[in-house]
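Okay, my_file.cif is below, mmCIF, C-alpha atoms:
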```
data_data
loop_
_atom_site.label_atom_id
_atom_site.label_comp_id
_atom_site.auth_asym_id
_atom_site.auth_seq_id
_atom_site.Cartn_x
_atom_site.Cartn_y
_atom_site.Cartn_z
CA MET A 1 1.13 -0.76 33.69
CA ARG A 2 -0.53 2.60 34.35
CA LEU A 3 -2.80 2.60 37.37
CA GLY A 4 -4.58 5.77 38.46
CA ALA A 5 -5.81 6.25 41.99
CA THR A 6 -9.51 7.23 41.92
CA LEU A 7 -11.90 8.31 44.64
CA SER A 8 -15.51 7.85 43.54
CA ALA A 9 -18.39 10.08 44.55
CA ALA A 10 -19.94 7.15 46.39
CA LEU A 11 -16.79 6.67 48.44
CA LEU A 12 -16.71 10.38 49.26
CA VAL A 13 -20.24 10.18 50.63
CA THR A 14 -19.30 7.07 52.61
CA LEU A 15 -16.26 8.81 54.09
CA VAL A 16 -18.20 11.87 55.19
CA SER A 17 -20.92 9.65 56.68
CA ALA A 18 -18.44 7.35 58.40
CA CYS A 19 -16.62 10.30 59.92
CA SER A 20 -19.71 12.06 61.29
CA PRO A 21 -20.06 12.54 65.06
CA ASP A 22 -22.99 10.10 65.27
CA HIS A 23 -20.91 7.36 63.67
CA ASN A 24 -18.21 7.52 66.34
CA GLU A 25 -19.34 7.42 69.94
CA ASN A 26 -15.83 7.39 71.38
CA VAL A 27 -14.55 10.76 70.25
CA GLN A 28 -12.72 11.25 73.55
CA LYS A 29 -10.49 8.27 72.76
CA MET A 30 -9.35 9.58 69.39
CA PRO A 31 -5.74 10.80 69.27
CA GLU A 32 -5.14 14.03 67.43
CA THR A 33 -2.16 12.54 65.56
CA ILE A 34 -1.36 9.08 64.22
CA GLU A 35 1.94 8.15 62.59
CA ILE A 36 2.11 5.84 59.59
CA THR A 37 5.10 4.45 57.72
CA PRO A 38 5.70 2.32 54.62
CA ASN A 39 5.58 -1.41 55.45
CA GLN A 40 4.50 -0.63 58.98
CA SER A 41 4.09 -3.51 61.41
CA GLY A 42 0.43 -4.12 62.11
CA LYS A 43 1.22 -5.55 65.55
CA ALA A 44 3.29 -2.49 66.47
CA LEU A 45 0.55 -0.22 65.20
CA LEU A 46 -2.10 -1.89 67.34
CA ALA A 47 0.20 -1.79 70.37
CA ARG A 48 0.80 1.94 69.91
CA TYR A 49 -2.85 2.87 69.28
CA PRO A 50 -4.83 0.05 70.97
CA HIS A 51 -8.08 2.02 71.34
CA GLN A 52 -8.01 3.85 68.03
CA ILE A 53 -7.08 1.36 65.32
CA LYS A 54 -9.90 -0.84 64.05
CA LEU A 55 -8.76 -4.23 62.76
CA LEU A 56 -10.82 -6.28 60.34
CA ASN A 57 -9.81 -9.53 58.67
CA ARG A 58 -11.40 -10.35 55.34
CA PRO A 59 -10.92 -13.23 52.88
CA PRO A 60 -8.39 -14.21 51.68
CA ASN A 61 -6.94 -13.49 55.15
CA VAL A 62 -6.22 -9.80 54.49
CA ASN A 63 -5.97 -7.51 57.53
CA PHE A 64 -7.39 -3.99 57.27
CA TYR A 65 -6.34 -1.31 59.76
CA SER A 66 -8.41 1.87 59.92
CA VAL A 67 -9.22 5.02 61.87
CA ASP A 68 -12.15 7.41 61.28
CA TRP A 69 -12.29 10.91 62.70
CA PRO A 70 -15.56 12.81 63.22
CA ARG A 71 -16.14 15.81 60.97
CA ASN A 72 -16.10 18.18 63.96
CA ALA A 73 -12.74 16.86 65.23
CA LEU A 74 -10.58 15.99 62.20
CA GLY A 75 -7.27 14.24 62.73
CA THR A 76 -3.64 14.70 61.79
CA VAL A 77 -1.46 12.05 60.18
CA GLN A 78 2.32 12.06 60.17
CA ILE A 79 3.79 10.17 57.21
CA LYS A 80 7.22 9.08 58.37
CA THR A 81 9.92 7.70 56.08
CA GLY A 82 13.27 7.26 57.79
CA ASN A 83 13.97 10.61 59.46
CA HIS A 84 11.57 12.45 57.16
CA VAL A 85 8.09 13.44 58.38
CA ALA A 86 5.28 15.00 56.36
CA VAL A 87 2.27 16.28 58.30
CA ILE A 88 -1.23 15.93 56.84
CA ASN A 89 -4.01 17.89 58.55
CA ASP A 90 -7.82 17.80 58.30
CA VAL A 91 -7.84 14.00 58.00
CA LEU A 92 -11.18 12.21 57.77
CA GLY A 93 -9.79 8.69 57.93
CA ILE A 94 -6.99 6.27 57.16
CA SER A 95 -6.97 2.68 55.94
CA GLY A 96 -4.08 0.26 55.56
CA SER A 97 -3.90 -3.35 54.45
CA ASP A 98 -1.44 -6.20 54.33
CA ASP A 99 -1.09 -9.02 51.80
CA PRO A 100 -0.80 -12.60 53.09
CA ASN A 101 1.25 -13.48 50.01
CA PHE A 102 3.91 -11.00 51.16
CA ALA A 103 3.50 -11.28 54.92
CA GLY A 104 7.05 -10.12 55.61
CA GLU A 105 6.22 -6.68 54.22
CA ASP A 106 3.51 -6.02 56.86
CA ILE A 107 1.16 -3.20 55.76
CA VAL A 108 1.82 -2.91 52.03
CA GLU A 109 -0.34 0.15 51.36
CA TRP A 110 -1.87 3.02 53.30
CA HIS A 111 -4.65 5.37 52.19
CA VAL A 112 -5.23 8.73 53.87
CA TYR A 113 -8.45 10.66 53.20
CA ALA A 114 -8.39 14.37 53.98
CA GLY A 115 -10.06 17.67 53.30
CA LEU A 116 -8.50 21.09 52.78
CA ALA A 117 -10.24 22.74 55.74
CA THR A 118 -12.00 21.85 58.95
CA GLU A 119 -15.23 22.97 57.28
CA GLU A 120 -16.76 20.95 54.46
CA GLU A 121 -16.99 23.97 52.12
CA ILE A 122 -14.11 26.29 51.26
CA PRO A 123 -13.55 29.14 48.75
CA HIS A 124 -11.88 27.72 45.65
CA ASP A 125 -8.87 30.03 45.73
CA LEU A 126 -8.25 29.26 49.39
CA ALA A 127 -8.47 25.54 48.55
CA ARG A 128 -5.87 26.10 45.83
CA GLN A 129 -3.53 27.89 48.22
CA ARG A 130 -3.89 25.23 50.90
CA PHE A 131 -3.32 22.41 48.46
CA LEU A 132 -0.18 24.04 47.06
CA ALA A 133 1.01 24.46 50.65
CA LEU A 134 0.37 20.74 51.22
CA LEU A 135 2.49 19.86 48.19
CA GLN A 136 5.31 22.03 49.54
CA GLU A 137 4.98 20.42 52.98
CA ILE A 138 5.60 17.08 51.31
CA ARG A 139 8.52 18.44 49.29
CA LYS A 140 10.10 20.03 52.37
CA ALA A 141 9.87 16.64 54.09
CA GLY A 142 12.28 15.31 51.46
CA TRP A 143 9.92 13.74 48.93
CA GLN A 144 10.96 14.07 45.29
CA ARG A 145 8.70 14.17 42.27
CA TYR A 146 8.08 10.79 40.65
CA VAL A 147 7.22 10.53 36.96
CA GLY A 148 5.49 7.36 35.80
CA ARG A 149 8.04 5.16 34.07
CA GLY A 150 6.15 5.05 30.80
CA HIS A 151 5.40 8.77 30.84
CA PRO A 152 7.35 11.68 29.32
CA ARG A 153 9.49 13.76 31.66
CA LEU A 154 7.76 17.15 31.62
CA LYS A 155 7.84 20.07 34.04
CA GLY A 156 5.59 22.96 34.97
CA SER A 157 2.90 24.05 32.54
CA ALA A 158 3.99 21.44 29.99
CA ALA A 159 3.15 18.71 32.50
CA LEU A 160 -0.24 20.32 33.14
CA ARG A 161 -1.09 20.51 29.44
CA TYR A 162 -0.11 16.88 28.94
CA ALA A 163 -2.15 15.75 31.97
CA LEU A 164 -5.29 17.39 30.58
CA SER A 165 -5.25 14.87 27.73
CA SER A 166 -3.67 12.00 29.70
CA PRO A 167 -5.52 11.54 33.03
CA THR A 168 -2.95 9.12 34.50
CA TYR A 169 -0.14 11.67 34.18
CA ALA A 170 1.05 13.19 37.47
CA LEU A 171 1.58 16.95 37.68
CA ASP A 172 4.72 18.80 38.73
CA PRO A 173 4.36 19.57 42.48
CA ASP A 174 6.62 22.62 42.17
CA TYR A 175 4.39 24.30 39.59
CA PRO A 176 2.20 27.00 41.23
CA LEU A 177 -1.17 26.52 39.57
CA SER A 178 -3.11 29.72 38.84
CA LEU A 179 -6.75 29.91 39.90
CA GLN A 180 -7.83 29.49 36.27
CA GLU A 181 -5.65 26.39 35.90
CA TRP A 182 -6.90 25.07 39.23
CA MET A 183 -10.51 25.36 38.16
CA SER A 184 -9.77 23.71 34.79
CA MET A 185 -8.28 20.55 36.32
CA PRO A 186 -10.39 17.39 35.98
CA ASP A 187 -11.31 15.23 38.95
CA ASP A 188 -8.69 12.73 40.10
CA THR A 189 -5.79 14.94 39.07
CA MET A 190 -2.66 13.31 40.50
CA TRP A 191 0.75 14.13 41.94
CA ARG A 192 3.37 11.46 42.67
CA PHE A 193 6.47 11.35 44.90
CA GLN A 194 9.23 8.98 45.97
CA LEU A 195 11.62 8.93 48.90
CA GLU A 196 13.93 6.21 50.27
CA ASN A 197 12.18 3.22 48.68
CA ALA A 198 8.74 4.67 49.45
CA TYR A 199 6.14 6.02 47.04
CA LEU A 200 3.34 8.51 47.63
CA ARG A 201 0.40 9.44 45.38
CA LEU A 202 -1.98 12.36 45.88
CA THR A 203 -5.31 12.45 44.10
CA LEU A 204 -7.53 15.54 44.22
CA THR A 205 -11.31 15.32 43.85
CA ARG A 206 -13.91 18.07 44.14
CA ASP A 207 -17.69 18.12 44.34
CA ALA A 208 -18.96 18.40 40.76
CA GLN A 209 -22.03 20.33 41.94
CA ARG A 210 -19.95 23.06 43.59
CA LYS A 211 -17.58 24.31 40.87
CA ASP A 212 -18.74 27.95 40.63
CA VAL A 213 -15.55 29.91 41.24
CA ASN A 214 -17.55 32.68 42.93
CA LYS A 215 -19.02 30.28 45.48
CA LYS A 216 -17.53 27.78 47.90
CA GLY A 217 -16.52 24.26 46.86
CA ALA A 218 -15.84 20.94 48.56
CA TYR A 219 -12.53 19.13 48.11
CA PHE A 220 -11.15 15.73 49.08
CA VAL A 221 -7.55 14.56 48.94
CA LYS A 222 -6.55 10.90 48.84
CA LEU A 223 -2.93 10.02 49.65
CA SER A 224 -1.65 6.51 48.99
CA LEU A 225 1.61 5.32 50.54
CA ASN A 226 3.49 2.12 49.67
CA GLY A 227 6.97 0.67 49.62
CA ALA A 228 9.21 -0.13 46.65
CA ASN A 229 8.15 -3.77 46.33
CA GLU A 230 4.49 -2.83 46.19
CA GLU A 231 5.28 -0.13 43.63
CA ALA A 232 6.97 -2.76 41.47
CA ARG A 233 3.91 -5.00 41.78
CA ARG A 234 1.70 -2.09 40.72
CA ILE A 235 3.90 -1.66 37.65
CA VAL A 236 3.57 -5.27 36.50
CA GLY A 237 -0.15 -5.37 37.25
CA PRO A 238 -2.43 -7.82 39.09
CA ALA A 239 -2.01 -10.64 36.58
CA ARG A 240 1.74 -10.90 37.33
CA ARG A 241 1.60 -9.84 40.98
CA ALA A 242 2.62 -13.24 42.33
CA ASP A 243 5.78 -13.42 40.20
CA TRP A 244 6.46 -9.69 40.01
CA GLN A 245 10.24 -10.03 40.26
CA ALA A 246 10.37 -12.16 37.13
CA ALA A 247 7.93 -9.92 35.27
CA LEU A 248 9.45 -6.57 36.23
CA PRO A 249 12.47 -6.37 33.84
CA GLU A 250 10.37 -6.91 30.72
CA GLU A 251 7.70 -4.47 31.91
CA LEU A 252 10.30 -1.81 32.62
CA LYS A 253 11.73 -2.31 29.15
CA LEU A 254 8.31 -1.78 27.58
CA LEU A 255 7.65 1.31 29.69
CA LYS A 256 11.02 2.76 28.70
CA GLN A 257 10.02 2.36 25.06
CA ASP A 258 6.67 4.05 25.77
CA ARG A 259 8.47 7.02 27.30
CA GLU A 260 10.94 7.31 24.45
CA ARG A 261 8.15 7.32 21.86
CA ALA A 262 6.13 9.92 23.75
CA GLU A 263 9.13 12.16 24.27
CA GLN A 264 10.13 11.94 20.62
CA VAL A 265 6.68 13.15 19.56
CA LEU A 266 6.77 16.00 22.08
CA LYS A 267 10.27 17.08 20.99
CA GLN A 268 9.00 17.34 17.43
CA GLN A 269 6.29 19.65 18.74
CA GLY A 270 8.87 21.85 20.44
CA VAL A 271 8.06 20.71 23.99
CA ALA A 272 11.04 20.66 26.37
CA ILE A 273 11.90 17.34 28.02
CA ASP A 274 13.39 17.28 31.51
CA GLU A 275 16.30 15.03 30.67
CA SER A 276 17.86 15.61 34.10
CA TYR A 277 15.12 13.45 35.66
CA GLN A 278 16.21 9.89 36.47
CA ASP A 279 13.93 7.07 37.59
CA PRO A 280 14.51 5.81 41.14
CA ARG A 281 15.84 2.28 41.43
CA LEU A 282 13.47 -0.56 42.10
CA PRO A 283 14.23 -3.86 43.89
#
```
Rewrite the structure from the file as structure tokens, please.
Amino acid sequence: MRLGATLSAALLVTLVSACSPDHNENVQKMPETIEITPNQSGKALLARYPHQIKLLNRPPNVNFYSVDWPRNALGTVQIKTGNHVAVINDVLGISGSDDPNFAGEDIVEWHVYAGLATEEEIPHDLARQRFLALLQEIRKAGWQRYVGRGHPRLKGSAALRYALSSPTYALDPDYPLSLQEWMSMPDDTMWRFQLENAYLRLTLTRDAQRKDVNKKGAYFVKLSLNGANEEARRIVGPARRADWQAALPEELKLLKQDRERAEQVLKQQGVAIDESYQDPRLP
């Protein structure tokens, strides 16, 4: 099942508001850096950052762990997977949640909300350069590109062209977008990675009212981190979440057929397929 990570305009406004200096009266208590991991223990997290992590419990007994940074003192998040660490700067906030149905997996998903500068507005080409540098930071930390299992295996500009007509398709992180390509990308353009049974999605959103290339724009990046079991549950979809292990083989078979059909059409159009790409194993 194809699920795209989206960050609505309303949520962007909420994030900026929530992270304003007036919203947080305890700026002096905020750590500059917080470390998150896939399937992180909530208890260990609270013990490590007792004054920074906010814990809320909401029906049906789901725990939410969050941190908000003020706009004038943005945070840094280290995404750690095994011995691999990717550093995310200019962070507005983070939010993680568990699932009582899979209590042994602790925090099943993290969301990190960040900008591309300490200032709200940034020249578009500088935003492009900083975002490409962020992608390379993630790659240098050991993360590999992940192609959706029902999607064709495309690289570079071919992946970009396909994504323009298929919004749930994730771009190639090693492709250096030109400024013209950068400005042509729709909102919620996505990049996906995997590393050691962990999965990471980046979604880029920009202010629709500030798209003049000759003026400054405003950008927001959402990163979503989860483990392999949660990725499998995302694949089967919410209707089969409870019995995901039974549902997964058939869903993977259907997605494989989707990919084969899409790649066959593209081959007939003369588009190169990256046949060296292999899907990572799932539980």
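Applied to the file shown here, the PyMOL selection byres ((chain A and resi 136) around 12) selects the residues Ala86, Val87, Ile88, Gln129, Arg130, Phe131, Leu132, Ala133, Leu134, Leu135, Glu137, Ile138, Arg139, Lys140, Ala141, Gly142, Trp143, Gln144, Arg145, Asp172, Pro173, Asp174, Tyr175, Pro176, Trp191 and Phe193 of chain A.
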Answer as number ranges by chain, residues within 9 Å of (0.8, 11.8, 54.4) using all atoms listed in the file: A: 36, 77-80, 85-89, 111-112, 138, 200, 202, 223-225
Could you tell me which residues the PyMOL selection byres ((chain A and resi 251) around 12) returns for this structure, as a JSON list (two decimals) with C-alpha atoms, in the coordinates of the input?
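out12.json, freshly written:
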```json
[["chain", "number", "residue", "atom", "x", "y", "z"],
["A", 1, "MET", "CA", 1.13, -0.76, 33.69],
["A", 2, "ARG", "CA", -0.53, 2.60, 34.35],
["A", 149, "ARG", "CA", 8.04, 5.16, 34.07],
["A", 150, "GLY", "CA", 6.15, 5.05, 30.80],
["A", 232, "ALA", "CA", 6.97, -2.76, 41.47],
["A", 233, "ARG", "CA", 3.91, -5.00, 41.78],
["A", 234, "ARG", "CA", 1.70, -2.09, 40.72],
["A", 235, "ILE", "CA", 3.90, -1.66, 37.65],
["A", 236, "VAL", "CA", 3.57, -5.27, 36.50],
["A", 237, "GLY", "CA", -0.15, -5.37, 37.25],
["A", 240, "ARG", "CA", 1.74, -10.90, 37.33],
["A", 244, "TRP", "CA", 6.46, -9.69, 40.01],
["A", 245, "GLN", "CA", 10.24, -10.03, 40.26],
["A", 246, "ALA", "CA", 10.37, -12.16, 37.13],
["A", 247, "ALA", "CA", 7.93, -9.92, 35.27],
["A", 248, "LEU", "CA", 9.45, -6.57, 36.23],
["A", 249, "PRO", "CA", 12.47, -6.37, 33.84],
["A", 250, "GLU", "CA", 10.37, -6.91, 30.72],
["A", 252, "LEU", "CA", 10.30, -1.81, 32.62],
["A", 253, "LYS", "CA", 11.73, -2.31, 29.15],
["A", 254, "LEU", "CA", 8.31, -1.78, 27.58],
["A", 255, "LEU", "CA", 7.65, 1.31, 29.69],
["A", 256, "LYS", "CA", 11.02, 2.76, 28.70],
["A", 257, "GLN", "CA", 10.02, 2.36, 25.06],
["A", 258, "ASP", "CA", 6.67, 4.05, 25.77]]
```
Output of the PyMOL selection byres ((chain A and resi 101-105) around 12), listed as a ChimeraX atom specification: /A:37-42,60-63,97-100,106-109,226-230,233,241-244
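For the pair atom CA of A:Gly217 and atom CA of A:Gly156, the separation is 25.1 Å.
Counting from atom CA of A:Lys54, the distance to atom CA of A:Gly93 is 11.3 Å.
Candidate residues A:Pro283, A:Pro186, A:Gly148, A:Gly115 were compared for distance to A:Arg71, and the nearest is A:Gly115, using all atoms listed in the file.
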How many Å separate atom CA of A:Glu120 from atom CA of A:Met183? 18.0 Å
Restricting to all atoms listed in the file, whichever of A:Pro50, A:Gly96, A:Pro59, A:Glu119 is closest to A:Lys216 is A:Glu119
Find the residue from A:Arg48, A:Gln209, A:Phe220, A:Asp274 that sits nearest to A:Asp188; use all atoms listed in the file when measuring. A:Phe220
